[in-house]
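S.K.: This is the content of my_file.cif (mmCIF, C-alpha atoms and all ligand atoms):
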```
data_structure
#
loop_
_atom_site.group_PDB
_atom_site.id
_atom_site.type_symbol
_atom_site.label_atom_id
_atom_site.label_comp_id
_atom_site.auth_asym_id
_atom_site.auth_seq_id
_atom_site.Cartn_x
_atom_site.Cartn_y
_atom_site.Cartn_z
ATOM 1 C CA MET A 1 156.170 95.623 61.904
ATOM 2 C CA ASP A 2 153.957 98.254 63.543
ATOM 3 C CA THR A 3 154.445 97.712 67.222
ATOM 4 C CA SER A 4 157.642 96.587 68.774
ATOM 5 C CA ILE A 5 158.278 93.335 70.546
ATOM 6 C CA ILE A 6 159.244 94.173 74.110
ATOM 7 C CA ILE A 7 161.648 91.786 75.810
ATOM 8 C CA ALA A 8 162.572 92.016 79.489
ATOM 9 C CA ILE A 9 165.852 90.438 80.557
ATOM 10 C CA ALA A 10 165.294 89.432 84.156
ATOM 11 C CA ASN A 11 166.673 87.406 87.036
ATOM 12 C CA GLN A 12 166.826 88.735 90.581
ATOM 13 C CA LYS A 13 170.106 86.938 91.120
ATOM 14 C CA GLY A 14 173.035 89.296 90.661
ATOM 15 C CA GLY A 15 175.809 88.831 88.128
ATOM 16 C CA VAL A 16 174.122 86.297 85.844
ATOM 17 C CA ALA A 17 174.798 88.392 82.698
ATOM 18 C CA LYS A 18 171.487 90.241 82.356
ATOM 19 C CA THR A 19 173.252 93.398 81.250
ATOM 20 C CA THR A 20 175.728 91.615 78.984
ATOM 21 C CA THR A 21 172.862 89.711 77.377
ATOM 22 C CA THR A 22 170.788 92.873 76.864
ATOM 23 C CA ALA A 23 173.663 94.708 75.172
ATOM 24 C CA SER A 24 174.783 91.767 73.056
ATOM 25 C CA VAL A 25 171.321 90.742 71.879
ATOM 26 C CA ALA A 26 170.519 94.375 71.058
ATOM 27 C CA ALA A 27 173.694 94.767 69.015
ATOM 28 C CA ALA A 28 173.151 91.448 67.233
ATOM 29 C CA LEU A 29 169.575 92.396 66.330
ATOM 30 C CA LYS A 30 170.677 95.795 65.057
ATOM 31 C CA ARG A 31 173.306 94.131 62.875
ATOM 32 C CA ARG A 32 170.492 92.113 61.343
ATOM 33 C CA GLY A 33 168.798 95.342 60.318
ATOM 34 C CA PHE A 34 166.213 95.669 63.088
ATOM 35 C CA ARG A 35 165.460 98.954 64.839
ATOM 36 C CA VAL A 36 166.439 98.361 68.450
ATOM 37 C CA LEU A 37 165.950 100.327 71.664
ATOM 38 C CA THR A 38 167.371 99.312 75.039
ATOM 39 C CA ILE A 39 166.098 100.602 78.349
ATOM 40 C CA ASP A 40 168.364 100.637 81.372
ATOM 41 C CA LEU A 41 166.114 99.966 84.334
ATOM 42 C CA ASP A 42 168.931 99.337 86.796
ATOM 43 C CA PRO A 43 170.155 102.139 89.114
ATOM 44 C CA GLN A 44 173.659 100.665 88.725
ATOM 45 C CA GLY A 45 173.561 101.973 85.145
ATOM 46 C CA ASN A 46 175.825 99.181 83.908
ATOM 47 C CA LEU A 47 174.143 98.915 80.528
ATOM 48 C CA SER A 48 174.410 102.668 79.913
ATOM 49 C CA ASP A 49 177.998 102.725 81.088
ATOM 50 C CA SER A 50 179.147 99.675 79.143
ATOM 51 C CA LEU A 51 177.710 101.000 75.871
ATOM 52 C CA GLY A 52 179.099 104.492 76.343
ATOM 53 C CA ALA A 53 175.773 106.321 76.864
ATOM 54 C CA GLU A 54 175.664 109.708 78.557
ATOM 55 C CA MET A 55 174.315 108.519 81.885
ATOM 56 C CA PHE A 56 173.456 111.928 83.282
ATOM 57 C CA LYS A 57 171.921 113.416 80.174
ATOM 58 C CA LEU A 58 168.171 113.772 80.678
ATOM 59 C CA PRO A 59 165.788 112.151 80.284
ATOM 60 C CA THR A 60 166.871 108.948 81.949
ATOM 61 C CA THR A 61 164.516 106.166 82.955
ATOM 62 C CA TYR A 62 164.020 108.017 86.251
ATOM 63 C CA GLU A 63 162.324 110.966 84.494
ATOM 64 C CA LEU A 64 160.292 108.541 82.428
ATOM 65 C CA LEU A 65 158.956 106.735 85.471
ATOM 66 C CA LYS A 66 158.377 109.966 87.391
ATOM 67 C CA ARG A 67 156.575 111.475 84.388
ATOM 68 C CA VAL A 68 158.766 114.576 84.451
ATOM 69 C CA SER A 69 158.298 116.586 81.229
ATOM 70 C CA LEU A 70 159.873 114.809 78.288
ATOM 71 C CA ALA A 71 161.618 115.947 75.145
ATOM 72 C CA PRO A 72 160.075 114.652 71.899
ATOM 73 C CA ASP A 73 163.054 112.399 71.331
ATOM 74 C CA VAL A 74 163.791 110.624 74.588
ATOM 75 C CA THR A 75 166.386 108.214 73.307
ATOM 76 C CA GLN A 76 170.150 108.400 72.790
ATOM 77 C CA HIS A 77 171.498 106.982 69.552
ATOM 78 C CA LEU A 78 174.563 104.785 69.991
ATOM 79 C CA ASP A 79 176.418 102.570 67.514
ATOM 80 C CA ALA A 80 175.223 99.406 69.247
ATOM 81 C CA CYS A 81 171.562 100.464 69.578
ATOM 82 C CA ASP A 82 169.364 103.302 70.866
ATOM 83 C CA ILE A 83 169.146 103.615 74.639
ATOM 84 C CA ILE A 84 167.319 105.321 77.456
ATOM 85 C CA PRO A 85 170.015 105.399 80.127
ATOM 86 C CA SER A 86 169.836 105.282 83.898
ATOM 87 C CA ASN A 87 171.934 106.335 86.830
ATOM 88 C CA ILE A 88 171.905 106.176 90.606
ATOM 89 C CA MET A 89 168.924 108.587 90.808
ATOM 90 C CA LEU A 90 166.762 105.597 90.012
ATOM 91 C CA ALA A 91 167.702 103.970 93.322
ATOM 92 C CA GLY A 92 165.056 105.933 95.238
ATOM 93 C CA ILE A 93 162.146 105.156 92.928
ATOM 94 C CA GLU A 94 160.873 102.245 94.973
ATOM 95 C CA GLN A 95 160.195 104.587 97.905
ATOM 96 C CA GLU A 96 158.990 107.442 95.705
ATOM 97 C CA LEU A 97 156.336 105.364 94.001
ATOM 98 C CA LEU A 98 155.408 103.392 97.104
ATOM 99 C CA SER A 99 151.901 104.745 97.581
ATOM 100 C CA GLU A 100 151.131 105.497 93.935
ATOM 101 C CA THR A 101 148.265 103.591 92.387
ATOM 102 C CA GLY A 102 149.154 101.921 89.119
ATOM 103 C CA LYS A 103 152.875 102.186 89.720
ATOM 104 C CA GLU A 104 153.368 98.881 87.881
ATOM 105 C CA TYR A 105 152.187 100.480 84.626
ATOM 106 C CA ARG A 106 154.440 103.525 84.453
ATOM 107 C CA LEU A 107 156.941 102.152 81.970
ATOM 108 C CA LYS A 108 154.220 100.669 79.795
ATOM 109 C CA GLU A 109 152.537 104.085 79.579
ATOM 110 C CA THR A 110 155.719 105.922 78.671
ATOM 111 C CA LEU A 111 156.712 103.440 76.000
ATOM 112 C CA ARG A 112 153.400 103.532 74.196
ATOM 113 C CA PRO A 113 154.142 106.657 72.102
ATOM 114 C CA ILE A 114 157.610 105.506 71.008
ATOM 115 C CA SER A 115 157.102 101.798 70.611
ATOM 116 C CA ASP A 116 156.140 101.926 66.916
ATOM 117 C CA ARG A 117 159.537 103.386 66.084
ATOM 118 C CA TYR A 118 161.279 100.139 66.996
ATOM 119 C CA ASP A 119 161.154 96.477 66.077
ATOM 120 C CA TYR A 120 162.581 95.377 69.423
ATOM 121 C CA ILE A 121 162.740 97.038 72.819
ATOM 122 C CA LEU A 122 165.001 95.269 75.331
ATOM 123 C CA ILE A 123 164.779 96.107 79.015
ATOM 124 C CA ASP A 124 167.693 95.431 81.368
ATOM 125 C CA THR A 125 166.484 94.953 84.950
ATOM 126 C CA PRO A 126 168.188 95.149 88.365
ATOM 127 C CA PRO A 127 168.961 92.127 90.559
ATOM 128 C CA SER A 128 165.739 92.363 92.566
ATOM 129 C CA LEU A 129 162.024 91.706 92.152
ATOM 130 C CA GLY A 130 161.012 95.242 93.155
ATOM 131 C CA VAL A 131 158.989 97.891 91.355
ATOM 132 C CA LEU A 132 161.512 98.278 88.510
ATOM 133 C CA THR A 133 161.478 94.635 87.482
ATOM 134 C CA ILE A 134 157.689 94.583 87.951
ATOM 135 C CA ASN A 135 157.412 97.567 85.555
ATOM 136 C CA ALA A 136 159.543 95.739 83.002
ATOM 137 C CA LEU A 137 157.501 92.539 83.235
ATOM 138 C CA THR A 138 154.235 94.470 83.081
ATOM 139 C CA CYS A 139 155.019 95.993 79.696
ATOM 140 C CA ALA A 140 156.953 93.066 78.194
ATOM 141 C CA ASP A 141 155.746 90.547 75.646
ATOM 142 C CA LYS A 142 158.579 88.152 76.457
ATOM 143 C CA VAL A 143 161.081 87.557 79.206
ATOM 144 C CA ILE A 144 164.517 86.070 78.704
ATOM 145 C CA ILE A 145 165.973 84.585 81.884
ATOM 146 C CA PRO A 146 169.769 84.475 81.884
ATOM 147 C CA THR A 147 171.257 82.219 84.503
ATOM 148 C CA THR A 148 174.630 80.924 85.478
ATOM 149 C CA ALA A 149 175.021 77.281 86.353
ATOM 150 C CA GLY A 150 174.465 76.618 90.037
ATOM 151 C CA ILE A 151 172.118 75.388 92.693
ATOM 152 C CA PHE A 152 171.367 78.871 94.053
ATOM 153 C CA ALA A 153 170.603 80.046 90.550
ATOM 154 C CA ALA A 154 168.007 77.289 90.298
ATOM 155 C CA ASN A 155 166.271 78.442 93.486
ATOM 156 C CA GLY A 156 166.142 82.003 92.203
ATOM 157 C CA ILE A 157 164.491 80.967 88.958
ATOM 158 C CA GLN A 158 161.634 79.247 90.797
ATOM 159 C CA GLN A 159 161.007 82.479 92.683
ATOM 160 C CA LEU A 160 161.185 84.501 89.463
ATOM 161 C CA ASN A 161 158.742 82.090 87.861
ATOM 162 C CA ASN A 162 156.249 82.762 90.670
ATOM 163 C CA THR A 163 156.598 86.484 90.047
ATOM 164 C CA ILE A 164 156.020 85.969 86.320
ATOM 165 C CA LEU A 165 152.871 83.947 87.057
ATOM 166 C CA ASN A 166 151.590 86.719 89.350
ATOM 167 C CA ILE A 167 152.278 89.399 86.757
ATOM 168 C CA LYS A 168 150.419 87.342 84.172
ATOM 169 C CA LYS A 169 147.484 87.039 86.527
ATOM 170 C CA TYR A 170 147.250 90.638 87.707
ATOM 171 C CA CYS A 171 149.084 92.970 85.315
ATOM 172 C CA ASN A 172 149.984 91.475 81.940
ATOM 173 C CA GLN A 173 148.153 88.448 80.584
ATOM 174 C CA GLY A 174 150.269 88.356 77.439
ATOM 175 C CA LEU A 175 153.627 87.906 79.177
ATOM 176 C CA GLN A 176 155.492 84.862 77.864
ATOM 177 C CA PRO A 177 158.756 83.444 79.193
ATOM 178 C CA ALA A 178 160.922 83.139 76.064
ATOM 179 C CA GLY A 179 163.318 80.809 77.821
ATOM 180 C CA ILE A 180 166.255 80.280 80.127
ATOM 181 C CA LEU A 181 169.698 81.172 78.776
ATOM 182 C CA LEU A 182 172.720 79.552 80.380
ATOM 183 C CA THR A 183 175.507 82.137 80.596
ATOM 184 C CA LYS A 184 179.145 82.290 81.709
ATOM 185 C CA PHE A 185 179.324 78.605 80.987
ATOM 186 C CA ASN A 186 182.556 76.682 81.256
ATOM 187 C CA PRO A 187 182.165 73.520 79.158
ATOM 188 C CA ARG A 188 185.450 72.116 80.428
ATOM 189 C CA THR A 189 184.304 71.428 83.988
ATOM 190 C CA MET A 190 182.287 68.422 85.123
ATOM 191 C CA VAL A 191 180.236 70.697 87.323
ATOM 192 C CA GLY A 192 179.400 72.707 84.230
ATOM 193 C CA GLN A 193 177.994 69.643 82.458
ATOM 194 C CA GLU A 194 176.019 68.570 85.521
ATOM 195 C CA MET A 195 174.597 72.031 85.912
ATOM 196 C CA LYS A 196 173.502 72.042 82.319
ATOM 197 C CA GLU A 197 171.432 68.948 83.074
ATOM 198 C CA LEU A 198 170.073 70.545 86.237
ATOM 199 C CA THR A 199 169.012 73.624 84.286
ATOM 200 C CA ARG A 200 167.203 71.395 81.777
ATOM 201 C CA HIS A 201 165.264 69.720 84.598
ATOM 202 C CA LEU A 202 164.426 73.058 86.114
ATOM 203 C CA GLY A 203 163.128 74.298 82.772
ATOM 204 C CA GLN A 204 160.867 71.246 82.512
ATOM 205 C CA HIS A 205 159.691 71.731 86.074
ATOM 206 C CA ILE A 206 158.570 75.318 85.509
ATOM 207 C CA ASN A 207 157.436 74.610 81.956
ATOM 208 C CA THR A 208 159.908 76.999 80.369
ATOM 209 C CA LYS A 209 162.252 76.144 77.568
ATOM 210 C CA VAL A 210 166.006 76.186 78.012
ATOM 211 C CA PHE A 211 167.725 77.583 74.939
ATOM 212 C CA HIS A 212 170.014 75.117 73.167
ATOM 213 C CA THR A 213 172.626 77.809 72.739
ATOM 214 C CA PHE A 214 174.621 78.573 75.846
ATOM 215 C CA ILE A 215 177.030 81.426 76.342
ATOM 216 C CA ARG A 216 180.601 80.475 77.107
ATOM 217 C CA VAL A 217 182.774 82.316 79.564
ATOM 218 C CA SER A 218 185.279 84.656 77.918
ATOM 219 C CA VAL A 219 187.522 87.545 78.894
ATOM 220 C CA ALA A 220 186.282 89.383 75.804
ATOM 221 C CA VAL A 221 183.140 90.373 77.728
ATOM 222 C CA GLU A 222 184.930 92.457 80.326
ATOM 223 C CA GLU A 223 187.356 93.819 77.752
ATOM 224 C CA ALA A 224 184.492 95.001 75.552
ATOM 225 C CA GLN A 225 182.726 96.586 78.525
ATOM 226 C CA ALA A 226 185.899 98.353 79.607
ATOM 227 C CA ASN A 227 186.213 99.765 76.085
ATOM 228 C CA LYS A 228 182.533 100.815 76.103
ATOM 229 C CA LEU A 229 181.835 98.721 73.041
ATOM 230 C CA ASP A 230 179.335 96.003 72.328
ATOM 231 C CA LEU A 231 180.850 92.544 71.809
ATOM 232 C CA PHE A 232 180.472 92.620 68.039
ATOM 233 C CA SER A 233 182.177 95.970 67.632
ATOM 234 C CA TYR A 234 184.918 94.859 70.017
ATOM 235 C CA ARG A 235 185.662 91.334 68.759
ATOM 236 C CA GLN A 236 183.194 89.798 66.408
ATOM 237 C CA ASP A 237 185.348 86.665 66.121
ATOM 238 C CA SER A 238 185.417 85.952 69.873
ATOM 239 C CA THR A 239 183.717 82.748 71.050
ATOM 240 C CA VAL A 240 181.283 84.709 73.163
ATOM 241 C CA ALA A 241 180.240 87.007 70.296
ATOM 242 C CA GLN A 242 179.618 83.885 68.211
ATOM 243 C CA ASP A 243 177.559 82.408 71.049
ATOM 244 C CA TYR A 244 175.371 85.497 71.337
ATOM 245 C CA ASN A 245 174.960 85.557 67.577
ATOM 246 C CA ALA A 246 173.883 81.900 67.618
ATOM 247 C CA PHE A 247 171.511 82.667 70.474
ATOM 248 C CA VAL A 248 169.826 85.480 68.557
ATOM 249 C CA GLN A 249 169.507 83.171 65.552
ATOM 250 C CA GLU A 250 167.884 80.527 67.761
ATOM 251 C CA TYR A 251 165.594 83.128 69.296
ATOM 252 C CA LEU A 252 164.451 84.452 65.924
ATOM 253 C CA GLU A 253 163.852 80.961 64.550
ATOM 254 C CA GLY A 254 162.034 79.712 67.647
HETATM 255 N N1 LIG A 301 180.215 85.180 79.018
HETATM 256 C C1 LIG A 301 180.913 85.840 79.963
HETATM 257 N N2 LIG A 301 182.206 85.547 80.167
HETATM 258 C C2 LIG A 301 182.925 86.188 81.117
HETATM 259 N N3 LIG A 301 182.429 87.140 81.921
HETATM 260 C C3 LIG A 301 181.149 87.495 81.761
HETATM 261 C C4 LIG A 301 180.313 86.874 80.789
HETATM 262 N N4 LIG A 301 179.082 87.431 80.864
HETATM 263 C C5 LIG A 301 179.151 88.356 81.846
HETATM 264 N N5 LIG A 301 180.392 88.400 82.391
HETATM 265 C C6 LIG A 301 180.868 89.269 83.488
HETATM 266 O O1 LIG A 301 180.149 88.924 84.651
HETATM 267 C C7 LIG A 301 179.820 90.084 85.378
HETATM 268 C C8 LIG A 301 178.318 90.185 85.526
HETATM 269 O O2 LIG A 301 177.744 90.355 84.251
HETATM 270 P P1 LIG A 301 176.526 91.334 84.061
HETATM 271 O O3 LIG A 301 176.829 92.679 84.604
HETATM 272 O O4 LIG A 301 176.099 91.247 82.646
HETATM 273 O O5 LIG A 301 175.457 90.591 84.987
HETATM 274 P P2 LIG A 301 174.098 91.180 85.575
HETATM 275 O O6 LIG A 301 173.183 90.008 85.767
HETATM 276 O O7 LIG A 301 173.600 92.276 84.738
HETATM 277 O O8 LIG A 301 174.566 91.742 86.986
HETATM 278 P P3 LIG A 301 173.674 92.629 87.994
HETATM 279 O O9 LIG A 301 172.748 91.644 88.638
HETATM 280 O O10 LIG A 301 174.651 93.229 88.936
HETATM 281 O O11 LIG A 301 172.952 93.638 87.170
HETATM 282 C C9 LIG A 301 180.421 91.261 84.632
HETATM 283 O O12 LIG A 301 181.670 91.572 85.208
HETATM 284 C C10 LIG A 301 180.609 90.728 83.230
HETATM 285 O O13 LIG A 301 181.698 91.338 82.574
HETATM 286 MG MG MG A 302 173.089 94.222 85.259
#
```
Could you spell out this file's structure in structure tokens?
Ligand SMILES: Nc1ncnc2c1ncn2[C@@H]1O[C@H](COP(=O)(O)OP(=O)(O)OP(=O)(O)O)[C@@H](O)[C@H]1O
Ligand SMILES: [Mg+2]

M.R.:
Amino acid sequence: MDTSIIIAIANQKGGVAKTTTTASVAAALKRRGFRVLTIDLDPQGNLSDSLGAEMFKLPTTYELLKRVSLAPDVTQHLDACDIIPSNIMLAGIEQELLSETGKEYRLKETLRPISDRYDYILIDTPPSLGVLTINALTCADKVIIPTTAGIFAANGIQQLNNTILNIKKYCNQGLQPAGILLTKFNPRTMVGQEMKELTRHLGQHINTKVFHTFIRVSVAVEEAQANKLDLFSYRQDSTVAQDYNAFVQEYLEG
């Protein structure tokens, strides 16, 4: 593979497992022998923190987007995957790039020289539809939309879908929604089952597939994050690690 496949993980709703999905999919792909880079595009820096990256070691995504001089190797090499980290410095970027022409293309430009070193580049985005998420969607080939079950989650996805359609129209014709991934799912509740149906309908409505695999709720996620390990290094036999593994299998086959 010469150029990488770039996947944005996006949903402007907070806490729907964007970061967990980015880290787990990255680790699962690496375990299958792929060369994987993750990019932390969230000022919260949760991805960097949860995988044990050095969050304040330059360059971070802030320097990348600001085009501050870059070292030849801009990535950190972790057990789970390679990463370009972020920290709270990134919080001001919206204002800093406000009047810049072509601000949507900054990440795409910076990734060009390194993208042939990887098979997959996964971008974790913040819970908003601002310039950071726009940058991710502008350089991505695919977007995975994690969502929890719930009526508010459904509303958010319609809004995200409008953003995706606009990006396709104005910035990135090739952008393809890969699908909606139901996360933090509790199969034991009735509400859970109903919400699964609702998510299916929503997927049909916006013409986006809903992955068959869904990710069950499990304490192993927070435990792994607290130990700064990806799910597979922490507990490969946990239900949630198995779910993410099944999801990656489904993704690769689909
Ligand atoms: N399958 C799961 N089971 C249990 N807890 C989970 C699961 N997935 C994620 N969580 C927990 O839910 C919280 C939110 O997850 P995560 O940080 O991945 O979401 P996010 O969409 O990236 O949030 P934000 O919008 O703030 O960036 C975290 O505390 C995480 O540990
Ligand atoms: Mg996050």

S.K.: At most 9 Å is the cut-off: for each residue in chain A with any atom that close to an atom of ligand MG 302 (chain A), write down the nearest atom pair and the distance in Å rounded to one decimal, counting all atoms listed in the file, chain first then increasing number, as CSV.

M.R.:
```
residue,atom,partner,partner_atom,distance
A:Gly14,CA,A:MG302,MG,7.3
A:Gly15,CA,A:MG302,MG,6.7
A:Val16,CA,A:MG302,MG,8.0
A:Ala17,CA,A:MG302,MG,6.6
A:Lys18,CA,A:MG302,MG,5.2
A:Thr19,CA,A:MG302,MG,4.1
A:Thr20,CA,A:MG302,MG,7.3
A:Thr22,CA,A:MG302,MG,8.8
A:Asp40,CA,A:MG302,MG,8.9
A:Asp42,CA,A:MG302,MG,6.8
A:Gln44,CA,A:MG302,MG,7.3
A:Gly45,CA,A:MG302,MG,7.8
A:Asn46,CA,A:MG302,MG,5.8
A:Leu47,CA,A:MG302,MG,6.7
A:Asp124,CA,A:MG302,MG,6.8
A:Thr125,CA,A:MG302,MG,6.7
A:Pro126,CA,A:MG302,MG,5.9
A:Pro127,CA,A:MG302,MG,7.0
```

S.K.: To test your reading of the syntax: which residues would the PyMOL selection byres (((chain A and resi 66) around 9) and not hetatm) return for the file shown? Reply as a ChimeraX atom specification.

M.R.: /A:61-65,67-68,93,96-97,106

S.K.: The PyMOL selection byres (((chain A and resi 151-156) around 8) and not hetatm) on the file shown: which residues, as an mmCIF file with C-alpha atoms, keeping the file's coordinate frame?

M.R.:
```cif
data_model
loop_
_atom_site.group_PDB
_atom_site.id
_atom_site.type_symbol
_atom_site.label_atom_id
_atom_site.label_comp_id
_atom_site.auth_asym_id
_atom_site.auth_seq_id
_atom_site.Cartn_x
_atom_site.Cartn_y
_atom_site.Cartn_z
ATOM 1 C CA ASN A 11 166.673 87.406 87.036
ATOM 2 C CA GLN A 12 166.826 88.735 90.581
ATOM 3 C CA LYS A 13 170.106 86.938 91.120
ATOM 4 C CA THR A 147 171.257 82.219 84.503
ATOM 5 C CA THR A 148 174.630 80.924 85.478
ATOM 6 C CA ALA A 149 175.021 77.281 86.353
ATOM 7 C CA GLY A 150 174.465 76.618 90.037
ATOM 8 C CA ILE A 157 164.491 80.967 88.958
ATOM 9 C CA GLN A 158 161.634 79.247 90.797
ATOM 10 C CA GLN A 159 161.007 82.479 92.683
ATOM 11 C CA LEU A 160 161.185 84.501 89.463
ATOM 12 C CA MET A 195 174.597 72.031 85.912
ATOM 13 C CA THR A 199 169.012 73.624 84.286
ATOM 14 C CA LEU A 202 164.426 73.058 86.114
#
```

S.K.: For ligand LIG 301 (chain A), which residue among A:Glu253, A:Asp49, A:Glu100, A:Asp73 is the nearest when counting all atoms listed in the file?

M.R.: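 Ranked by minimum distance to ligand LIG 301 (chain A), first place goes to A:Asp49.
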
S.K.: Exactly which residues make up the result of the PyMOL selection byres (((chain A and resi 121) around 9) and not hetatm) on this file, given as a ChimeraX atom specification?

M.R.: /A:4-8,26,35-39,115,118-120,122-123,140

S.K.: Would you mind exporting the chosen residues as a PDB file, in the coordinates of the input, restricted to C-alpha atoms?

M.R.:
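selection_19.pdb written:
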```pdb
ATOM      1  CA  SER A   4     157.642  96.587  68.774  1.00  0.00           C
ATOM      2  CA  ILE A   5     158.278  93.335  70.546  1.00  0.00           C
ATOM      3  CA  ILE A   6     159.244  94.173  74.110  1.00  0.00           C
ATOM      4  CA  ILE A   7     161.648  91.786  75.810  1.00  0.00           C
ATOM      5  CA  ALA A   8     162.572  92.016  79.489  1.00  0.00           C
ATOM      6  CA  ALA A  26     170.519  94.375  71.058  1.00  0.00           C
ATOM      7  CA  ARG A  35     165.460  98.954  64.839  1.00  0.00           C
ATOM      8  CA  VAL A  36     166.439  98.361  68.450  1.00  0.00           C
ATOM      9  CA  LEU A  37     165.950 100.327  71.664  1.00  0.00           C
ATOM     10  CA  THR A  38     167.371  99.312  75.039  1.00  0.00           C
ATOM     11  CA  ILE A  39     166.098 100.602  78.349  1.00  0.00           C
ATOM     12  CA  SER A 115     157.102 101.798  70.611  1.00  0.00           C
ATOM     13  CA  TYR A 118     161.279 100.139  66.996  1.00  0.00           C
ATOM     14  CA  ASP A 119     161.154  96.477  66.077  1.00  0.00           C
ATOM     15  CA  TYR A 120     162.581  95.377  69.423  1.00  0.00           C
ATOM     16  CA  LEU A 122     165.001  95.269  75.331  1.00  0.00           C
ATOM     17  CA  ILE A 123     164.779  96.107  79.015  1.00  0.00           C
ATOM     18  CA  ALA A 140     156.953  93.066  78.194  1.00  0.00           C
TER      19      ALA A 140
END
```

S.K.: Counting all atoms listed in the file, which residue out of A:Asn186, A:Asn166, A:Ser86, A:Gln95 sits closest to ligand LIG 301 (chain A)?

M.R.: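 Counting all atoms listed in the file, the residue closest to ligand LIG 301 (chain A) is A:Asn186.
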
S.K.: Nearest to ligand LIG 301 (chain A) among A:Ala10, A:Cys171, A:Leu137, A:Asn162, with distances taken over all atoms listed in the file: which residue is it?

M.R.: A:Ala10

S.K.: List as a PyMOL selection string the residues having at least one atom at most 12 Å from position (152.6, 101.1, 76.0) as given in the file, counting all atoms listed in the file.

M.R.: chain A and resi 3-6+105-116+121+135-136+138-141+172

S.K.: Which protein, DNA or RNA residues have an atom at most 10 Å from (166.7, 75.1, 80.7), counting all atoms listed in the file? List them as a list in words.

M.R.: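 Those within range, by chain then number, are Ile145, Pro146, Thr147, Ala154, Gly179, Ile180, Leu181, Leu182, Met195, Lys196, Glu197, Leu198, Thr199, Arg200, His201, Leu202, Gly203, Gln204, His205, Ile206, Asn207, Thr208, Lys209, Val210, Phe211, His212 and Phe214 of chain A.
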
S.K.: Kindly list the centre and edge lengths in Å, rounded to one decimal, for the axis-aligned box that covers all listed atoms of ligand LIG 301 (chain A) plus 6 Å on each of its six sides, as JSON.

M.R.:
```
{"center_x": 177.8, "center_y": 89.4, "center_z": 84.0, "size_x": 22.2, "size_y": 20.5, "size_z": 21.9}
```

S.K.: Report, in Å to a single decimal, how far apart atom C4 of ligand LIG 301 (chain A) and CA of Val217 (chain A) are.

M.R.: 5.3 Å

S.K.: Using CA of Phe247 (chain A) and CA of Ile9 (chain A) as the two end points, give the distance in Å to one decimal.

M.R.: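 Distance between the two atoms: 13.9 Å.
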
S.K.: Could you tell me how far CA of Ser238 (chain A) lies from atom N3 of ligand LIG 301 (chain A), in Å and to one decimal?

M.R.: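 Computing it gives 12.5 Å between the two atoms.
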
S.K.: For a quick check of understanding, using all atoms listed in the file, which of A:Ser24, A:Gln249, A:Ser99, A:Gly52 has the smallest distance to ligand LIG 301 (chain A)?

M.R.: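 The answer is A:Ser24, which sits nearest to ligand LIG 301 (chain A).
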